[in-house]
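Content type compact mmCIF, C-alpha atoms, from the file my_file16.txt:
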# COMPACT_ATOMS: atom_id res chain seq x y z
CA MET G 1 87.11 80.47 87.93
CA THR G 2 88.99 83.32 89.59
CA ALA G 3 89.82 86.77 88.32
CA VAL G 4 93.09 87.27 86.46
CA VAL G 5 95.42 89.83 88.04
CA ARG G 6 97.63 91.72 85.59
CA THR G 7 99.02 95.14 84.76
CA ALA G 8 96.95 97.45 82.60
CA THR G 9 97.44 98.14 78.90
CA PRO G 10 96.51 101.20 76.82
CA ALA G 11 93.52 99.22 75.56
CA ASP G 12 92.14 99.22 79.12
CA ASP G 13 92.00 103.02 79.36
CA PRO G 14 88.35 103.48 78.33
CA GLU G 15 87.15 100.78 80.71
CA LEU G 16 89.25 102.14 83.58
CA ALA G 17 87.80 105.60 83.01
CA GLY G 18 84.32 104.09 83.12
CA LEU G 19 85.04 102.20 86.33
CA TRP G 20 86.34 105.36 88.01
CA ARG G 21 83.25 107.29 86.87
CA LEU G 22 81.09 104.55 88.37
CA CYS G 23 82.89 104.54 91.72
CA PHE G 24 84.00 108.17 92.21
CA ASP G 25 82.55 111.62 91.94
CA ALA G 26 85.97 112.83 90.84
CA PRO G 27 86.26 113.40 87.08
CA GLN G 28 89.89 114.46 87.49
CA VAL G 29 91.04 110.91 88.28
CA THR G 30 91.65 110.03 84.64
CA ALA G 31 93.71 113.18 84.02
CA LEU G 32 95.79 112.54 87.15
CA HIS G 33 96.39 108.95 86.05
CA ALA G 34 97.79 110.24 82.78
CA LEU G 35 100.54 112.20 84.60
CA ASP G 36 102.62 109.06 85.11
CA PRO G 37 104.41 108.02 81.90
CA ASP G 38 104.70 104.50 83.36
CA ARG G 39 101.07 104.40 84.42
CA HIS G 40 100.16 101.14 82.72
CA ARG G 41 102.78 99.06 84.48
CA HIS G 42 101.88 100.90 87.72
CA THR G 43 98.18 100.06 87.30
CA PHE G 44 97.00 96.67 88.51
CA VAL G 45 93.68 95.26 87.40
CA ALA G 46 91.57 92.22 88.18
CA GLN G 47 90.05 91.00 84.95
CA ASN G 48 86.90 88.98 85.50
CA ALA G 49 86.90 85.25 84.96
CA ALA G 50 85.09 85.52 81.65
CA GLY G 51 87.89 87.76 80.37
CA ASP G 52 85.53 90.46 79.15
CA GLY G 53 85.83 93.15 81.79
CA ILE G 54 87.77 94.70 84.67
CA ASP G 55 86.32 94.18 88.14
CA ALA G 56 88.87 96.08 90.25
CA VAL G 57 91.85 98.41 89.94
CA VAL G 58 94.68 99.68 92.17
CA VAL G 59 97.13 102.35 91.02
CA TYR G 60 100.63 102.89 92.40
CA VAL G 61 101.60 106.55 92.00
CA PRO G 62 105.35 107.23 92.46
CA ARG G 63 105.88 110.41 94.46
CA THR G 64 108.79 112.21 96.10
CA ILE G 65 107.87 112.95 99.71
CA ARG G 66 109.95 114.29 102.59
CA ASP G 67 110.80 112.09 105.55
CA ALA G 68 111.00 113.12 109.22
CA ASP G 69 114.23 115.03 108.55
CA GLY G 70 112.85 116.75 105.45
CA ALA G 71 114.90 114.58 103.09
CA PRO G 72 113.14 113.56 99.85
CA ARG G 73 112.30 109.87 99.49
CA ARG G 74 110.61 107.88 96.74
CA VAL G 75 107.22 106.88 98.11
CA GLY G 76 104.55 104.69 96.57
CA GLY G 77 101.20 106.42 96.71
CA ILE G 78 98.19 104.12 96.42
CA GLY G 79 95.17 105.67 94.77
CA SER G 80 92.28 105.30 92.33
CA VAL G 81 91.26 102.06 94.07
CA ALA G 82 87.90 100.93 92.69
CA THR G 83 85.86 97.73 92.57
CA ARG G 84 82.62 97.11 90.73
CA PRO G 85 79.79 96.80 93.27
CA GLU G 86 78.95 93.27 92.19
CA ALA G 87 82.58 92.16 92.64
CA ARG G 88 83.15 93.49 96.15
CA GLY G 89 83.96 91.18 99.03
CA ARG G 90 86.06 88.80 96.92
CA GLY G 91 89.49 89.99 98.08
CA LEU G 92 90.39 91.49 94.71
CA VAL G 93 91.92 94.67 96.13
CA ARG G 94 94.10 92.63 98.49
CA ARG G 95 95.44 90.63 95.55
CA LEU G 96 96.14 93.82 93.61
CA LEU G 97 97.93 95.36 96.60
CA VAL G 98 100.33 92.40 96.63
CA GLU G 99 101.31 93.20 93.05
CA ALA G 100 101.59 96.91 93.79
CA GLU G 101 103.83 96.23 96.79
CA ARG G 102 106.11 94.01 94.68
CA THR G 103 106.53 96.74 92.06
CA MET G 104 107.03 99.51 94.62
CA ARG G 105 109.81 97.51 96.27
CA ALA G 106 111.44 96.76 92.93
CA GLU G 107 111.42 100.48 92.10
CA GLY G 108 113.07 101.46 95.38
CA CYS G 109 110.15 102.99 97.27
CA ALA G 110 111.06 103.63 100.90
CA TRP G 111 107.46 103.31 102.00
CA SER G 112 103.88 103.53 100.78
CA LEU G 113 101.19 106.05 101.61
CA LEU G 114 97.43 106.19 101.09
CA PHE G 115 94.38 108.05 102.37
CA THR G 116 91.04 106.33 102.86
CA GLY G 117 87.79 106.27 104.74
CA THR G 118 87.81 102.46 104.72
CA PRO G 119 91.03 101.46 106.52
CA GLY G 120 89.95 97.86 107.00
CA VAL G 121 90.49 97.22 103.30
CA TYR G 122 94.22 97.95 103.71
CA ARG G 123 95.03 97.04 107.30
CA GLY G 124 95.27 93.34 106.54
CA SER G 125 97.77 94.07 103.76
CA GLY G 126 100.25 95.82 106.05
CA TRP G 127 99.21 99.47 105.94
CA GLN G 128 98.80 101.10 109.35
CA GLU G 129 96.75 104.18 110.27
CA PHE G 130 98.24 107.37 111.64
CA ASP G 131 96.60 110.38 113.23
CA SER G 132 96.25 113.80 111.66
CA THR G 133 94.44 116.86 112.99
CA TYR G 134 92.53 119.88 111.83
CA THR G 135 90.95 122.86 113.59
CA GLU G 136 87.29 123.72 113.30
CA GLY G 137 84.91 126.30 114.74
CA THR G 138 82.36 129.01 114.08
CA LEU G 139 83.27 131.72 111.59
CA ALA G 140 84.43 134.83 113.40
CA PRO G 141 82.60 138.11 112.77
CA ALA G 142 84.09 140.64 110.41
CA SER G 143 86.92 142.70 111.83
CA ALA G 144 87.66 146.37 111.30
CA ALA G 145 91.40 145.85 111.81
CA GLY G 146 93.67 147.49 109.25
CA GLN G 147 95.59 145.55 106.63
CA ALA G 148 99.32 145.41 106.11
CA PHE G 149 98.96 143.39 102.89
CA ARG G 150 96.83 143.60 99.77
CA ILE G 151 94.60 140.51 99.70
CA ARG G 152 93.31 139.58 96.26
CA PRO G 153 92.39 136.59 94.07
CA ALA G 154 95.37 134.94 92.43
CA THR G 155 95.87 135.09 88.68
CA GLY G 156 97.86 133.03 86.24
CA ARG G 157 100.62 135.63 86.46
CA ASP G 158 101.17 134.67 90.11
CA ALA G 159 102.19 131.10 89.25
CA THR G 160 105.94 131.56 89.64
CA GLY G 161 105.54 133.39 92.93
CA VAL G 162 103.16 130.79 94.36
CA VAL G 163 105.54 127.97 93.44
CA ALA G 164 108.36 129.80 95.20
CA LEU G 165 106.24 130.36 98.33
CA HIS G 166 105.28 126.68 98.41
CA ARG G 167 108.88 125.55 97.98
CA ALA G 168 110.15 127.79 100.77
CA TYR G 169 107.34 127.05 103.22
CA ASN G 170 107.75 123.28 102.79
CA ALA G 171 111.52 123.16 102.36
CA ASP G 172 111.98 120.65 105.18
CA ARG G 173 108.38 119.78 106.06
CA PRO G 174 107.83 116.06 106.78
CA LEU G 175 105.20 114.32 104.65
CA SER G 176 105.01 117.13 102.08
CA SER G 177 105.54 116.38 98.38
CA LEU G 178 108.12 117.86 96.06
CA ARG G 179 105.88 119.14 93.28
CA SER G 180 106.92 118.95 89.65
CA ALA G 181 105.93 121.37 86.92
CA GLU G 182 103.34 118.79 85.80
CA ASP G 183 101.90 118.71 89.32
CA TRP G 184 101.41 122.47 89.27
CA ALA G 185 99.92 122.34 85.78
CA VAL G 186 97.54 119.41 86.33
CA ARG G 187 97.41 117.94 89.84
CA VAL G 188 97.06 121.13 91.89
CA PRO G 189 94.31 122.68 89.71
CA ALA G 190 92.52 119.32 89.62
CA TRP G 191 92.06 119.42 93.39
CA TYR G 192 91.99 123.19 94.01
CA GLY G 193 90.35 124.60 90.90
CA PRO G 194 91.80 127.40 88.75
CA ALA G 195 94.14 130.02 90.18
CA GLU G 196 91.36 132.61 90.28
CA ARG G 197 89.82 130.70 93.20
CA TRP G 198 92.98 131.06 95.31
CA LEU G 199 93.92 134.05 97.41
CA VAL G 200 97.29 135.76 97.67
CA ALA G 201 98.72 138.38 100.01
CA GLU G 202 100.78 141.02 98.24
CA ASP G 203 103.17 143.52 99.74
CA PRO G 204 101.57 146.88 98.81
CA VAL G 205 104.94 148.57 98.34
CA SER G 206 107.09 146.03 96.52
CA GLY G 207 104.26 144.03 94.94
CA ALA G 208 105.96 140.80 96.03
CA LEU G 209 103.81 137.86 97.06
CA ALA G 210 103.94 137.20 100.80
CA GLY G 211 101.34 134.44 101.11
CA TRP G 212 98.97 132.09 99.32
CA VAL G 213 95.94 130.25 100.63
CA VAL G 214 93.42 127.83 99.16
CA ALA G 215 89.96 127.51 100.71
CA GLN G 216 86.97 125.62 99.35
CA HIS G 217 83.33 125.32 100.38
CA VAL G 218 82.53 121.80 101.59
CA GLY G 219 78.96 121.31 102.82
CA GLU G 220 78.28 123.84 105.58
CA HIS G 221 81.99 124.55 106.06
CA VAL G 222 84.58 126.70 104.39
CA GLU G 223 87.69 124.54 104.44
CA VAL G 224 91.21 125.96 104.37
CA ARG G 225 93.27 123.36 102.54
CA GLU G 226 96.69 124.89 102.04
CA PHE G 227 98.82 127.87 102.95
CA ALA G 228 102.33 128.96 102.06
CA GLY G 229 104.14 132.15 102.89
CA ILE G 230 105.23 134.26 105.83
CA PRO G 231 103.13 133.75 108.99
CA GLY G 232 102.46 137.49 109.33
CA CYS G 233 100.06 137.55 106.39
CA LEU G 234 98.05 134.45 107.28
CA GLY G 235 95.61 136.26 109.56
CA GLU G 236 94.64 138.69 106.81
CA LEU G 237 94.22 135.85 104.33
CA LEU G 238 92.03 133.95 106.78
CA ALA G 239 89.94 137.05 107.43
CA GLU G 240 89.18 137.24 103.70
CA VAL G 241 88.36 133.52 103.66
CA GLY G 242 85.88 134.16 106.45
CA GLU G 243 84.36 137.13 104.62
CA ARG G 244 83.75 134.99 101.56
CA GLY G 245 82.36 132.16 103.65
CA ARG G 246 79.87 134.43 105.38
CA ALA G 247 78.84 135.93 102.02
CA ALA G 248 78.09 132.38 100.83
CA GLY G 249 75.87 131.75 103.86
CA LEU G 250 78.30 129.45 105.66
CA GLY G 251 78.75 129.53 109.40
CA ARG G 252 81.64 127.21 110.17
CA ALA G 253 85.19 126.54 109.00
CA ARG G 254 87.82 123.82 109.07
CA VAL G 255 91.51 124.65 108.85
CA ARG G 256 93.84 121.90 107.64
CA LEU G 257 97.11 123.63 108.40
CA PRO G 258 99.95 122.40 110.62
CA ASP G 259 99.65 123.10 114.32
CA GLU G 260 102.42 125.71 114.48
CA PRO G 261 102.74 129.01 116.40
CA GLY G 262 102.16 131.22 113.35
CA VAL G 263 99.05 129.28 112.39
CA ARG G 264 97.65 129.32 115.93
CA ALA G 265 98.19 133.07 116.15
CA ALA G 266 96.24 133.64 112.91
CA LEU G 267 93.25 131.39 113.64
CA PRO G 268 91.16 133.99 115.55
CA ALA G 269 90.85 135.95 112.32
CA LEU G 270 88.71 133.09 111.00
CA LEU G 271 87.40 131.07 113.93
CA THR G 272 85.73 131.46 117.28
CA ASP G 273 85.46 128.50 119.71
CA ALA G 274 88.24 126.76 117.77
CA ARG G 275 88.94 123.13 118.67
CA ARG G 276 91.38 120.54 117.38
CA VAL G 277 89.92 117.40 115.83
CA THR G 278 91.84 114.16 115.31
CA GLU G 279 91.09 111.90 112.37
CA ARG G 280 92.62 108.70 111.03
CA VAL G 281 92.43 108.75 107.25
CA GLY G 282 96.14 108.34 106.46
CA MET G 283 97.82 104.93 106.27
CA ALA G 284 101.47 104.05 105.70
CA ARG G 285 103.40 100.86 105.04
CA PRO G 286 107.18 100.44 105.32
CA LEU G 287 108.91 98.98 102.27
CA HIS G 288 112.68 99.58 102.25
CA ALA G 289 112.53 102.01 105.19
CA THR G 290 112.14 100.87 108.77
CA GLY G 291 108.79 101.04 110.50
CA GLU G 292 110.24 103.48 113.03
CA SER G 293 111.39 105.93 110.35
CA VAL G 294 108.03 105.82 108.58
CA ARG G 295 106.15 106.40 111.81
CA ALA G 296 108.48 109.32 112.55
CA ALA G 297 107.72 110.89 109.16
CA VAL G 298 103.94 110.71 109.40
CA THR G 299 103.77 111.89 113.03
CA ALA G 300 106.53 114.54 113.00
CA PRO G 301 105.64 118.03 114.30
CA GLY G 302 104.45 120.15 111.40
CA ALA G 303 104.01 117.14 109.10
CA VAL G 304 101.31 117.60 106.49
CA HIS G 305 100.38 116.03 103.18
CA TRP G 306 98.55 118.79 101.34
CA TYR G 307 95.20 118.02 99.71
CA GLY G 308 96.55 119.32 96.41
CA ASP G 309 98.98 116.38 96.30
CA CYS G 310 96.25 113.70 96.39
CA PHE G 311 97.00 110.69 94.25
How does the structure come out when it is put into structure tokens?
Amino acid sequence: MTAVVRTATPADDPELAGLWRLCFDAPQVTALHALDPDRHRHTFVAQNAAGDGIDAVVVYVPRTIRDADGAPRRVGGIGSVATRPEARGRGLVRRLLVEAERTMRAEGCAWSLLFTGTPGVYRGSGWQEFDSTYTEGTLAPASAAGQAFRIRPATGRDATGVVALHRAYNADRPLSSLRSAEDWAVRVPAWYGPAERWLVAEDPVSGALAGWVVAQHVGEHVEVREFAGIPGCLGELLAEVGERGRAAGLGRARVRLPDEPGVRAALPALLTDARRVTERVGMARPLHATGESVRAAVTAPGAVHWYGDCF
């Protein structure tokens, strides 16, 4: 007997939560799943042959993401993919991806996007890898340079200003997501932690926000995961990131910001011996869009899909 492939129902929620706990060290997955009001018909499960449990799950997350020209397109994110250890190797995820693709096409998705460390699972189903880069190096020593901005931890009162900075900085940025109010309330904190862990740059005269950065400690690295604002404040924000990293006993940093002139100019405030590293964790699949247009979107200069928009 083979597994039965179907869409999820509300009755499946407890078992799905248990499967995600088993497979991921990411307790936020269940809360992120709840953001989609159509989540049950966007969630595809393989029920085991005995009919008494779910062996695998694939979730299609509808997102609005900018193409190579910065125009917003409906994109099918694939996430929360999990299979019970004893059910792996049976092709269940491939069967679920077929159903997800059918629904994404029916709902007008231009293309599909996912991020994974196991590309072979998806390559045979039509998803293709694309390169992305980050910069890494040794933390620079503290600098005695003066500051033009007040650098401080963000607070809840900064929310409106941070949203405005993000919107302006990514106004036409390929691969970036158009965030909803629900994304800011649930998705972004799920991946970045509460606002008090973020840093902002404030104009000391007007009090207006000029920049926002998110950095997290990952192993031996401090990792810069997102920036928005005017390039002139980035160096001072990165200097504070480095100060905090050194205080935590870290010696290295990774910067996941677009390779742009303003970013390159600011990097010495954080890094010495900086080098660019290429990785292949992103995968895309054309649906209604052409393969050429999808490839253009994911490889465009300045393209970035911020960590805070993970599915």
Could the residues of range 183-215 of chain G that have an atom at most 9 Å from range 304-311 of chain G be listed as CSV, each with its closest atom pair and the distance in Å to one decimal, counting all atoms listed in the file and ordered by chain and ascending residue number?
residue,atom,partner,partner_atom,distance
G:Asp183,CA,G:Asp309,CA,7.9
G:Arg187,CA,G:Gly308,CA,6.8
G:Val188,CA,G:Gly308,CA,4.9
G:Pro189,CA,G:Gly308,CA,7.8
G:Ala190,CA,G:Gly308,CA,7.9
G:Trp191,CA,G:Gly308,CA,5.4
G:Tyr192,CA,G:Gly308,CA,6.4
When you look at range 146-163 of chain G with a cut-off of 8 Å (counting all atoms listed in the file), what residues show up, excluding the ones that are within fewer than 6 positions of it in the same chain? I need them as a PyMOL selection string. chain G and resi 195-204+209+211-212+228+233+236-237+240
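Reported to one decimal place, the separation of CA of Glu129 in chain G from CA of Glu86 in chain G is 27.6 Å.
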When you look at range 65-69 of chain G with a cut-off of 10 Å (counting all atoms listed in the file), what residues show up, excluding the ones that are within fewer than 4 positions of it in the same chain? I need them as JSON, numbers by chain. {"G": [73, 74, 75, 76, 77, 110, 111, 113, 170, 171, 172, 173, 174, 175, 176, 177, 178, 179, 293, 294, 295, 296, 297, 298, 299, 300, 301, 302, 303, 305]}
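Separating CA of Arg264 in chain G from CA of Phe227 in chain G is a distance of 13.1 Å.
Separating CA of His217 in chain G from CA of Val59 in chain G is a distance of 28.4 Å.
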